[in-house]
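Student: Sharing target_33.pdb (PDB, C-alpha atoms) below.
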```
ATOM      1  CA  PRO R   1     101.744  75.462  91.137
ATOM      2  CA  CYS R   2      99.266  77.448  89.189
ATOM      3  CA  ARG R   3      95.569  77.994  89.776
ATOM      4  CA  ALA R   4      93.045  79.801  87.674
ATOM      5  CA  GLY R   5      89.401  80.679  87.325
ATOM      6  CA  GLY R   6      87.431  81.569  84.204
ATOM      7  CA  LYS R   7      87.439  80.309  80.623
ATOM      8  CA  GLU R   8      90.024  80.669  77.908
ATOM      9  CA  ASN R   9      89.609  78.898  74.576
ATOM     10  CA  GLY R  10      92.077  78.188  71.791
ATOM     11  CA  HIS R  11      95.110  77.347  73.922
ATOM     12  CA  SER R  12      98.058  76.882  71.622
ATOM     13  CA  ARG R  13     100.438  73.929  71.673
ATOM     14  CA  ARG R  14     102.876  76.306  73.256
ATOM     15  CA  ALA R  15     100.468  76.900  76.125
ATOM     16  CA  GLN R  16     100.183  73.146  76.593
ATOM     17  CA  ALA R  17     103.988  72.968  76.659
ATOM     18  CA  SER R  18     103.857  75.603  79.390
ATOM     19  CA  LYS R  19     101.975  73.130  81.553
ATOM     20  CA  VAL R  20     104.787  70.623  81.163
ATOM     21  CA  ARG R  21     107.373  73.259  82.084
ATOM     22  CA  ALA R  22     105.273  74.274  85.068
ATOM     23  CA  HIS R  23     105.562  70.815  86.581
ATOM     24  CA  ALA R  24     109.351  71.170  86.457
ATOM     25  CA  LEU R  25     109.558  74.657  87.900
ATOM     26  CA  ALA R  26     106.342  76.079  89.281
ATOM     27  CA  THR R  27     102.677  75.595  90.014
ATOM     28  CA  PRO R  28     100.132  77.674  88.125
ATOM     29  CA  LEU R  29      96.619  77.586  89.675
ATOM     30  CA  LEU R  30      95.919  76.408  86.255
ATOM     31  CA  LEU R  31      98.296  73.574  87.190
ATOM     32  CA  PRO R  32     100.945  72.588  89.861
ATOM     33  CA  ALA R  33     104.733  72.182  90.488
ATOM     34  CA  THR R  34     107.224  71.762  93.333
ATOM     35  CA  LEU R  35     110.797  71.559  94.660
ATOM     36  CA  PRO R  36     112.150  70.412  98.457
ATOM     37  CA  HIS R  37     111.154  71.554 102.348
ATOM     38  CA  SER R  38     111.480  73.288 105.708
ATOM     39  CA  VAL R  39     109.121  73.538 108.655
ATOM     40  CA  THR R  40     108.994  76.269 111.263
ATOM     41  CA  PRO R  41     106.808  75.783 114.365
ATOM     42  CA  GLY R  42     103.717  77.929 114.312
ATOM     43  CA  GLU R  43     102.939  80.730 116.691
ATOM     44  CA  ALA R  44     100.718  80.241 119.747
ATOM     45  CA  ASP R  45      97.714  78.895 117.820
ATOM     46  CA  GLY R  46      99.503  75.585 117.284
ATOM     47  CA  ILE R  47      99.484  75.718 113.478
ATOM     48  CA  VAL R  48     102.654  74.701 111.637
ATOM     49  CA  TYR R  49     103.841  77.407 109.273
ATOM     50  CA  ILE R  50     106.172  76.719 106.346
ATOM     51  CA  ALA R  51     109.255  78.917 105.901
ATOM     52  CA  ALA R  52     110.967  78.736 102.507
ATOM     53  CA  MET R  53     112.232  80.905  99.669
ATOM     54  CA  THR R  54     109.242  81.640  97.442
ATOM     55  CA  PHE R  55     108.356  83.852  94.487
ATOM     56  CA  SER R  56     105.007  84.067  92.776
ATOM     57  CA  ILE R  57     102.699  86.120  90.591
ATOM     58  CA  ALA R  58      98.929  86.446  90.245
ATOM     59  CA  GLY R  59      97.308  87.875  87.138
ATOM     60  CA  ARG R  60      94.269  88.242  84.941
ATOM     61  CA  CYS R  61      93.560  88.193  81.228
ATOM     62  CA  ALA R  62      91.666  91.362  80.371
ATOM     63  CA  ARG R  63      90.360  89.761  77.155
ATOM     64  CA  THR R  64      88.831  86.604  78.675
ATOM     65  CA  GLY R  65      88.433  87.537  82.344
ATOM     66  CA  MET R  66      90.470  84.490  83.323
ATOM     67  CA  LEU R  67      92.331  84.692  86.644
ATOM     68  CA  GLY R  68      95.318  82.699  87.848
ATOM     69  CA  ALA R  69      98.413  82.446  90.008
ATOM     70  CA  VAL R  70     101.746  80.656  89.820
ATOM     71  CA  VAL R  71     104.306  80.005  92.560
ATOM     72  CA  THR R  72     107.665  78.276  92.906
ATOM     73  CA  THR R  73     109.699  77.455  96.024
ATOM     74  CA  SER R  74     112.047  74.942  97.631
ATOM     75  CA  SER R  75     109.233  73.771  99.896
ATOM     76  CA  ILE R  76     107.281  70.688  98.877
ATOM     77  CA  SER R  77     103.558  70.855  97.967
ATOM     78  CA  VAL R  78     103.525  74.641  97.741
ATOM     79  CA  GLY R  79     100.452  74.518  95.497
ATOM     80  CA  SER R  80      98.348  73.209  98.358
ATOM     81  CA  ARG R  81      98.813  76.297 100.546
ATOM     82  CA  CYS R  82     100.071  79.388  98.685
ATOM     83  CA  PRO R  83      98.038  80.145  95.502
ATOM     84  CA  TYR R  84      94.253  80.576  95.463
ATOM     85  CA  ALA R  85      91.846  81.677  92.719
ATOM     86  CA  GLN R  86      88.113  81.917  92.177
ATOM     87  CA  ALA R  87      86.425  82.494  88.819
ATOM     88  CA  GLY R  88      84.911  85.950  88.517
ATOM     89  CA  VAL R  89      86.322  87.008  91.903
ATOM     90  CA  GLY R  90      90.121  87.148  91.936
ATOM     91  CA  ALA R  91      93.359  85.415  92.875
ATOM     92  CA  ALA R  92      95.442  85.502  96.062
ATOM     93  CA  LEU R  93      98.909  84.495  97.266
ATOM     94  CA  THR R  94     100.056  83.815 100.835
ATOM     95  CA  GLN R  95     103.683  82.947 101.619
ATOM     96  CA  ASN R  96     106.689  83.385 103.973
ATOM     97  CA  ARG R  97     105.866  81.413 107.145
ATOM     98  CA  THR R  98     102.733  80.696 105.201
ATOM     99  CA  ASP R  99      99.339  80.835 106.864
ATOM    100  CA  PRO R 100      97.170  79.014 104.293
ATOM    101  CA  ARG R 101      93.990  80.365 105.874
ATOM    102  CA  LEU R 102      94.724  83.828 104.494
ATOM    103  CA  GLY R 103      94.214  82.856 100.830
ATOM    104  CA  PRO R 104      90.549  81.878 101.267
ATOM    105  CA  LYS R 105      90.057  84.889 103.574
ATOM    106  CA  MET R 106      91.240  87.243 100.833
ATOM    107  CA  LEU R 107      89.013  85.611  98.205
ATOM    108  CA  ALA R 108      86.000  85.760 100.533
ATOM    109  CA  ALA R 109      86.631  89.463 101.104
ATOM    110  CA  LEU R 110      86.823  90.058  97.350
ATOM    111  CA  ALA R 111      83.539  88.206  96.907
ATOM    112  CA  ARG R 112      81.956  90.564  99.460
ATOM    113  CA  GLY R 113      83.016  93.511  97.318
ATOM    114  CA  GLU R 114      86.059  94.665  99.272
ATOM    115  CA  THR R 115      88.989  96.069  97.281
ATOM    116  CA  PRO R 116      92.517  94.572  97.356
ATOM    117  CA  PRO R 117      94.028  97.580  99.192
ATOM    118  CA  SER R 118      91.313  97.488 101.867
ATOM    119  CA  ILE R 119      91.713  93.713 102.274
ATOM    120  CA  VAL R 120      95.456  94.023 102.859
ATOM    121  CA  ARG R 121      94.996  96.922 105.285
ATOM    122  CA  ASP R 122      92.394  94.967 107.246
ATOM    123  CA  LEU R 123      94.594  91.865 107.528
ATOM    124  CA  GLU R 124      97.569  93.999 108.558
ATOM    125  CA  ALA R 125      95.522  95.575 111.331
ATOM    126  CA  LYS R 126      93.794  92.466 112.686
ATOM    127  CA  GLU R 127      95.659  89.266 111.782
ATOM    128  CA  PRO R 128      98.015  87.765 114.424
ATOM    129  CA  GLY R 129     101.529  87.150 113.129
ATOM    130  CA  ILE R 130     100.943  89.270 110.026
ATOM    131  CA  GLY R 131     104.459  90.707 110.319
ATOM    132  CA  TRP R 132     105.853  87.350 109.155
ATOM    133  CA  ARG R 133     103.585  87.073 106.107
ATOM    134  CA  GLN R 134     103.907  88.076 102.491
ATOM    135  CA  LEU R 135     100.585  88.460 100.667
ATOM    136  CA  ALA R 136      99.229  89.515  97.293
ATOM    137  CA  VAL R 137      95.703  89.766  95.932
ATOM    138  CA  ILE R 138      94.209  90.762  92.578
ATOM    139  CA  ALA R 139      90.530  91.396  91.849
ATOM    140  CA  ALA R 140      88.580  90.463  88.726
ATOM    141  CA  ASP R 141      88.880  94.070  87.499
ATOM    142  CA  GLY R 142      92.700  93.961  87.691
ATOM    143  CA  THR R 143      93.189  96.085  90.806
ATOM    144  CA  ALA R 144      95.794  94.608  93.141
ATOM    145  CA  ALA R 145      97.671  94.999  96.412
ATOM    146  CA  PHE R 146     100.471  93.279  98.300
ATOM    147  CA  LEU R 147     101.978  93.135 101.782
ATOM    148  CA  ASN R 148     105.574  92.555 102.848
ATOM    149  CA  GLY R 149     105.436  91.824 106.585
ATOM    150  CA  LYS R 150     107.607  94.076 108.729
ATOM    151  CA  ASN R 151     109.356  91.076 110.314
ATOM    152  CA  ILE R 152     110.641  89.678 107.016
ATOM    153  CA  THR R 153     114.405  90.221 107.074
ATOM    154  CA  SER R 154     115.405  88.535 103.806
ATOM    155  CA  ILE R 155     115.539  90.180 100.376
ATOM    156  CA  ALA R 156     111.839  90.530  99.606
ATOM    157  CA  LYS R 157     109.766  92.609  97.237
ATOM    158  CA  GLY R 158     106.265  93.167  95.913
ATOM    159  CA  ARG R 159     105.283  94.936  92.723
ATOM    160  CA  ILE R 160     101.972  95.717  91.045
ATOM    161  CA  GLY R 161     101.860  95.685  87.241
ATOM    162  CA  LYS R 162      99.169  95.886  84.603
ATOM    163  CA  ASP R 163      96.703  93.094  85.457
ATOM    164  CA  CYS R 164      99.211  91.404  87.780
ATOM    165  CA  VAL R 165     100.982  91.478  91.125
ATOM    166  CA  GLY R 166     104.252  89.733  91.973
ATOM    167  CA  ILE R 167     105.899  88.967  95.328
ATOM    168  CA  GLY R 168     109.012  87.122  96.495
ATOM    169  CA  ASN R 169     111.096  86.489  99.612
ATOM    170  CA  ILE R 170     114.564  85.080 100.403
ATOM    171  CA  LEU R 171     115.512  86.159  96.885
ATOM    172  CA  ARG R 172     118.929  86.470  95.308
ATOM    173  CA  THR R 173     117.919  89.933  94.088
ATOM    174  CA  THR R 174     114.794  92.098  93.910
ATOM    175  CA  ASN R 175     115.147  91.884  90.121
ATOM    176  CA  VAL R 176     113.329  88.539  90.413
ATOM    177  CA  VAL R 177     110.006  90.256  91.082
ATOM    178  CA  ASP R 178     110.632  92.950  88.467
ATOM    179  CA  ALA R 179     111.379  90.291  85.850
ATOM    180  CA  MET R 180     108.149  88.432  86.611
ATOM    181  CA  VAL R 181     105.952  91.501  86.363
ATOM    182  CA  GLU R 182     107.636  92.905  83.252
ATOM    183  CA  THR R 183     107.507  89.556  81.461
ATOM    184  CA  PHE R 184     103.819  89.131  82.267
ATOM    185  CA  GLU R 185     103.063  92.620  80.940
ATOM    186  CA  ALA R 186     105.120  92.047  77.785
ATOM    187  CA  SER R 187     103.241  88.838  76.895
ATOM    188  CA  GLU R 188      99.791  90.408  76.647
ATOM    189  CA  GLY R 189      97.730  88.575  74.032
ATOM    190  CA  GLN R 190      99.094  85.138  74.957
ATOM    191  CA  PRO R 191      96.981  82.599  76.918
ATOM    192  CA  LEU R 192      97.057  83.307  80.645
ATOM    193  CA  ALA R 193      98.735  79.983  81.496
ATOM    194  CA  GLU R 194     101.570  80.807  79.098
ATOM    195  CA  ARG R 195     101.966  84.309  80.539
ATOM    196  CA  LEU R 196     102.154  83.030  84.113
ATOM    197  CA  VAL R 197     104.718  80.352  83.315
ATOM    198  CA  ARG R 198     106.834  82.761  81.268
ATOM    199  CA  ALA R 199     106.771  85.159  84.229
ATOM    200  CA  ILE R 200     107.940  82.570  86.761
ATOM    201  CA  GLU R 201     110.659  81.394  84.362
ATOM    202  CA  ALA R 202     111.833  84.996  84.027
ATOM    203  CA  GLY R 203     112.029  85.292  87.816
ATOM    204  CA  HIS R 204     114.122  82.136  87.942
ATOM    205  CA  ALA R 205     116.436  83.467  85.222
ATOM    206  CA  ALA R 206     116.815  86.783  87.076
ATOM    207  CA  GLY R 207     118.290  85.017  90.124
ATOM    208  CA  GLY R 208     115.473  83.097  91.760
ATOM    209  CA  GLU R 209     115.901  81.921  95.326
ATOM    210  CA  LEU R 210     118.929  82.817  97.418
ATOM    211  CA  LYS R 211     119.507  79.100  97.958
ATOM    212  CA  GLN R 212     117.539  75.883  97.811
ATOM    213  CA  ILE R 213     116.623  73.990 100.954
ATOM    214  CA  LYS R 214     118.196  70.522 100.790
TER     215      LYS R 214
END
```
Kindly transcribe the structure held in the file into structure tokens.

Tutor:
Amino acid sequence: PCRAGGKENGHSRRAQASKVRAHALATPLLLPATLPHSVTPGEADGIVYIAAMTFSIAGRCARTGMLGAVVTTSSISVGSRCPYAQAGVGAALTQNRTDPRLGPKMLAALARGETPPSIVRDLEAKEPGIGWRQLAVIAADGTAAFLNGKNITSIAKGRIGKDCVGIGNILRTTNVVDAMVETFEASEGQPLAERLVRAIEAGHAAGGELKQIK
């Protein structure tokens, strides 16, 4: 799934083709996409959290100010709970035993003027169950931060790049996150939707998930 905020004109046919590819592989918050599913009972608050192998990237276009995020996983309907974006504010990702409340919380904090690093620090200090979460957030100015919860035992990684931040868990290799970030950076000048989809495709090509949930 992919979500985005802001305006970007002159999308090429190739960018439109990206949207088709996204439905097969990912979900840009400019779009959506899925694969299969696993449910883990929530902690004491009674919420059901979703545990699945997931990798994602959030980014901005410095030229247009557009913001977006793309995510792929073996868990169905990932676009409804992992990627969040708000025009002029930023984009956020919440995954690994996903608590979907954290995406809107991060965007609200950005809107109040808090910085990505301070937002992540605050959630780490105050949020119950944060050790199971993997988070990323990018502001409209391109500053970013991520969190790999201390209880995550799978191969997981986060990386901040120019105008982007990538995260992934239950990966075949940490190269997945590196490939996403480096591909996003290398495609500067392309429409944001195209850059996000190219990045997620690069992560898939670099190894993707450790295994798919059947």

Student: Please check which residues have atoms at most 12 Å from (96.1, 84.8, 102.6) in the file's coordinates, counting only C-alpha atoms, and write them as an mmCIF file with C-alpha atoms, keeping the file's coordinate frame.

Tutor:
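In the end it all went to selection-v9.cif:
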```
data_model
loop_
_atom_site.group_PDB
_atom_site.id
_atom_site.type_symbol
_atom_site.label_atom_id
_atom_site.label_comp_id
_atom_site.auth_asym_id
_atom_site.auth_seq_id
_atom_site.Cartn_x
_atom_site.Cartn_y
_atom_site.Cartn_z
ATOM 1 C CA ARG R 81 98.813 76.297 100.546
ATOM 2 C CA CYS R 82 100.071 79.388 98.685
ATOM 3 C CA PRO R 83 98.038 80.145 95.502
ATOM 4 C CA TYR R 84 94.253 80.576 95.463
ATOM 5 C CA ALA R 85 91.846 81.677 92.719
ATOM 6 C CA ALA R 91 93.359 85.415 92.875
ATOM 7 C CA ALA R 92 95.442 85.502 96.062
ATOM 8 C CA LEU R 93 98.909 84.495 97.266
ATOM 9 C CA THR R 94 100.056 83.815 100.835
ATOM 10 C CA GLN R 95 103.683 82.947 101.619
ATOM 11 C CA ASN R 96 106.689 83.385 103.973
ATOM 12 C CA ARG R 97 105.866 81.413 107.145
ATOM 13 C CA THR R 98 102.733 80.696 105.201
ATOM 14 C CA ASP R 99 99.339 80.835 106.864
ATOM 15 C CA PRO R 100 97.170 79.014 104.293
ATOM 16 C CA ARG R 101 93.990 80.365 105.874
ATOM 17 C CA LEU R 102 94.724 83.828 104.494
ATOM 18 C CA GLY R 103 94.214 82.856 100.830
ATOM 19 C CA PRO R 104 90.549 81.878 101.267
ATOM 20 C CA LYS R 105 90.057 84.889 103.574
ATOM 21 C CA MET R 106 91.240 87.243 100.833
ATOM 22 C CA LEU R 107 89.013 85.611 98.205
ATOM 23 C CA ALA R 108 86.000 85.760 100.533
ATOM 24 C CA ALA R 109 86.631 89.463 101.104
ATOM 25 C CA LEU R 110 86.823 90.058 97.350
ATOM 26 C CA PRO R 116 92.517 94.572 97.356
ATOM 27 C CA ILE R 119 91.713 93.713 102.274
ATOM 28 C CA VAL R 120 95.456 94.023 102.859
ATOM 29 C CA ASP R 122 92.394 94.967 107.246
ATOM 30 C CA LEU R 123 94.594 91.865 107.528
ATOM 31 C CA GLU R 124 97.569 93.999 108.558
ATOM 32 C CA GLU R 127 95.659 89.266 111.782
ATOM 33 C CA ILE R 130 100.943 89.270 110.026
ATOM 34 C CA ARG R 133 103.585 87.073 106.107
ATOM 35 C CA GLN R 134 103.907 88.076 102.491
ATOM 36 C CA LEU R 135 100.585 88.460 100.667
ATOM 37 C CA ALA R 136 99.229 89.515 97.293
ATOM 38 C CA VAL R 137 95.703 89.766 95.932
ATOM 39 C CA ILE R 138 94.209 90.762 92.578
ATOM 40 C CA PHE R 146 100.471 93.279 98.300
ATOM 41 C CA LEU R 147 101.978 93.135 101.782
#
```

Student: Which polymer residues have any atom within 7 Å of an atom of region 176-181 of chain R, counting all atoms listed in the file, with same-chain residues fewer than 6 positions away left out, as a tab-separated table (two decimals) with C-alpha atoms, in the coordinates of the input?

Tutor:
```tsv
chain	number	residue	atom	x	y	z
R	157	LYS	CA	109.77	92.61	97.24
R	158	GLY	CA	106.26	93.17	95.91
R	159	ARG	CA	105.28	94.94	92.72
R	161	GLY	CA	101.86	95.68	87.24
R	164	CYS	CA	99.21	91.40	87.78
R	165	VAL	CA	100.98	91.48	91.12
R	166	GLY	CA	104.25	89.73	91.97
R	167	ILE	CA	105.90	88.97	95.33
R	168	GLY	CA	109.01	87.12	96.50
R	199	ALA	CA	106.77	85.16	84.23
R	200	ILE	CA	107.94	82.57	86.76
R	202	ALA	CA	111.83	85.00	84.03
R	203	GLY	CA	112.03	85.29	87.82
R	204	HIS	CA	114.12	82.14	87.94
R	206	ALA	CA	116.82	86.78	87.08
R	207	GLY	CA	118.29	85.02	90.12
R	208	GLY	CA	115.47	83.10	91.76
```

Student: Once the PyMOL selection byres ((chain R and resi 156) around 7) has been applied to the shown file, what residues remain in the selection, as a ChimeraX atom specification?

Tutor: /R:154-155,157,168-171,174

Student: Rounded to one decimal in Å, what is the spacing between CA of Ile152 (chain R) and CA of Thr54 (chain R)?

Tutor: 12.6 Å

Student: Compile the contact shell of Val89 (chain R) as a list in words: residues with an atom at most 6 Å away, counting all atoms listed in the file, same-chain residues fewer than 3 positions apart removed.

Tutor: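 With the cut-off at 6 Å, the set is Gln86, Ala111 and Ala140 of chain R.
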
Student: For this structure, which residues satisfy the selection - the PyMOL selection byres ((chain R and resi 88) around 8) - when it is evaluated on the file as given? I want them as an MDAnalysis selection string.

Tutor: chainID R and resid 5:6 65:67 86:87 89:90 140

Student: Emit as lines of an AutoDock Vina configuration file the padded axis-aligned box for all listed atoms of region 129-143 of chain R, 4 Å per side, with centre and edge lengths in Å to one decimal.

Tutor:
```
center_x = 97.2
center_y = 91.6
center_z = 100.3
size_x = 25.3
size_y = 17.0
size_z = 33.6
```

Student: Please measure the separation of CA of Phe184 (chain R) and CA of Asn151 (chain R), giving the value in Å to one decimal.

Tutor: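 Straight-line distance from CA of Phe184 (chain R) to CA of Asn151 (chain R) works out to 28.7 Å.
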
Student: One decimal, in Å: what's the spacing between CA of Asp141 (chain R) and CA of Gly79 (chain R)?

Tutor: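 These atoms are spaced 24.1 Å apart.
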
Student: Please provide the set of residues having any atom within 10 Å of Ser187 (chain R), restricted to all atoms listed in the file, with same-chain residues fewer than 6 positions apart removed, written as a PyMOL selection string.

Tutor: chain R and resi 194-196+198-199

Student: Would you write out, as a list in words, every residue that the PyMOL selection byres ((chain R and resi 162) around 10) captures in this file?

Tutor: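 Written out, the selection comes to Gly59, Arg60, Ala62, Gly142, Thr143, Ala144, Ile160, Gly161, Asp163, Cys164, Val165, Val181, Glu182, Phe184, Glu185, Ala186 and Glu188 of chain R.
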
Student: Rebuild all heavy atoms on region 190-200 of chain R, as an mmCIF file, keeping the file's coordinate frame?

Tutor:
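As written to disk, rebuild.cif reads:
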```cif
data_model
loop_
_atom_site.group_PDB
_atom_site.id
_atom_site.type_symbol
_atom_site.label_atom_id
_atom_site.label_comp_id
_atom_site.auth_asym_id
_atom_site.auth_seq_id
_atom_site.Cartn_x
_atom_site.Cartn_y
_atom_site.Cartn_z
ATOM 1 N N GLN R 190 98.872 86.573 74.833
ATOM 2 C CA GLN R 190 99.094 85.138 74.957
ATOM 3 C C GLN R 190 98.089 84.545 75.964
ATOM 4 O O GLN R 190 97.534 85.264 76.792
ATOM 5 C CB GLN R 190 100.518 84.861 75.446
ATOM 6 C CG GLN R 190 101.601 85.278 74.478
ATOM 7 C CD GLN R 190 101.574 84.440 73.197
ATOM 8 O OE1 GLN R 190 101.392 83.225 73.246
ATOM 9 N NE2 GLN R 190 101.744 85.096 72.070
ATOM 10 N N PRO R 191 97.842 83.217 75.910
ATOM 11 C CA PRO R 191 96.981 82.599 76.918
ATOM 12 C C PRO R 191 97.526 82.854 78.323
ATOM 13 O O PRO R 191 98.738 82.923 78.532
ATOM 14 C CB PRO R 191 97.038 81.111 76.569
ATOM 15 C CG PRO R 191 97.394 81.082 75.109
ATOM 16 C CD PRO R 191 98.314 82.245 74.895
ATOM 17 N N LEU R 192 96.633 82.968 79.288
ATOM 18 C CA LEU R 192 97.057 83.307 80.645
ATOM 19 C C LEU R 192 98.047 82.295 81.223
ATOM 20 O O LEU R 192 99.020 82.677 81.881
ATOM 21 C CB LEU R 192 95.838 83.425 81.570
ATOM 22 C CG LEU R 192 96.142 83.832 83.009
ATOM 23 C CD1 LEU R 192 96.796 85.202 83.078
ATOM 24 C CD2 LEU R 192 94.880 83.799 83.856
ATOM 25 N N ALA R 193 97.811 80.996 80.977
ATOM 26 C CA ALA R 193 98.735 79.983 81.496
ATOM 27 C C ALA R 193 100.146 80.215 80.979
ATOM 28 O O ALA R 193 101.125 80.109 81.724
ATOM 29 C CB ALA R 193 98.253 78.583 81.110
ATOM 30 N N GLU R 194 100.251 80.541 79.693
ATOM 31 C CA GLU R 194 101.570 80.807 79.098
ATOM 32 C C GLU R 194 102.212 82.032 79.733
ATOM 33 O O GLU R 194 103.409 82.035 80.047
ATOM 34 C CB GLU R 194 101.410 81.024 77.593
ATOM 35 C CG GLU R 194 102.693 81.382 76.862
ATOM 36 C CD GLU R 194 103.632 80.202 76.678
ATOM 37 O OE1 GLU R 194 103.210 79.049 76.888
ATOM 38 O OE2 GLU R 194 104.803 80.441 76.334
ATOM 39 N N ARG R 195 101.438 83.075 79.962
ATOM 40 C CA ARG R 195 101.966 84.309 80.539
ATOM 41 C C ARG R 195 102.488 84.079 81.957
ATOM 42 O O ARG R 195 103.553 84.585 82.335
ATOM 43 C CB ARG R 195 100.885 85.391 80.554
ATOM 44 C CG ARG R 195 100.382 85.781 79.175
ATOM 45 C CD ARG R 195 99.292 86.829 79.259
ATOM 46 N NE ARG R 195 99.847 88.125 79.654
ATOM 47 C CZ ARG R 195 99.098 89.188 79.948
ATOM 48 N NH1 ARG R 195 97.769 89.086 79.944
ATOM 49 N NH2 ARG R 195 99.666 90.326 80.272
ATOM 50 N N LEU R 196 101.740 83.309 82.743
ATOM 51 C CA LEU R 196 102.154 83.030 84.113
ATOM 52 C C LEU R 196 103.439 82.212 84.157
ATOM 53 O O LEU R 196 104.356 82.508 84.938
ATOM 54 C CB LEU R 196 101.031 82.301 84.856
ATOM 55 C CG LEU R 196 99.784 83.132 85.168
ATOM 56 C CD1 LEU R 196 98.658 82.229 85.680
ATOM 57 C CD2 LEU R 196 100.085 84.238 86.177
ATOM 58 N N VAL R 197 103.519 81.191 83.310
ATOM 59 C CA VAL R 197 104.718 80.352 83.315
ATOM 60 C C VAL R 197 105.923 81.122 82.786
ATOM 61 O O VAL R 197 107.032 81.008 83.319
ATOM 62 C CB VAL R 197 104.481 79.052 82.528
ATOM 63 C CG1 VAL R 197 105.774 78.257 82.400
ATOM 64 C CG2 VAL R 197 103.428 78.208 83.226
ATOM 65 N N ARG R 198 105.733 81.924 81.751
ATOM 66 C CA ARG R 198 106.834 82.761 81.268
ATOM 67 C C ARG R 198 107.325 83.692 82.388
ATOM 68 O O ARG R 198 108.529 83.920 82.538
ATOM 69 C CB ARG R 198 106.380 83.610 80.083
ATOM 70 C CG ARG R 198 106.251 82.883 78.767
ATOM 71 C CD ARG R 198 105.988 83.884 77.665
ATOM 72 N NE ARG R 198 105.714 83.246 76.387
ATOM 73 C CZ ARG R 198 105.535 83.910 75.256
ATOM 74 N NH1 ARG R 198 105.589 85.241 75.240
ATOM 75 N NH2 ARG R 198 105.287 83.267 74.128
ATOM 76 N N ALA R 199 106.397 84.237 83.151
ATOM 77 C CA ALA R 199 106.771 85.159 84.229
ATOM 78 C C ALA R 199 107.609 84.459 85.294
ATOM 79 O O ALA R 199 108.641 84.982 85.733
ATOM 80 C CB ALA R 199 105.513 85.756 84.853
ATOM 81 N N ILE R 200 107.194 83.266 85.713
ATOM 82 C CA ILE R 200 107.940 82.570 86.761
ATOM 83 C C ILE R 200 109.306 82.114 86.239
ATOM 84 O O ILE R 200 110.301 82.110 86.964
ATOM 85 C CB ILE R 200 107.105 81.399 87.325
ATOM 86 C CG1 ILE R 200 107.450 81.151 88.807
ATOM 87 C CG2 ILE R 200 107.276 80.133 86.538
ATOM 88 C CD1 ILE R 200 106.807 82.090 89.771
#
```
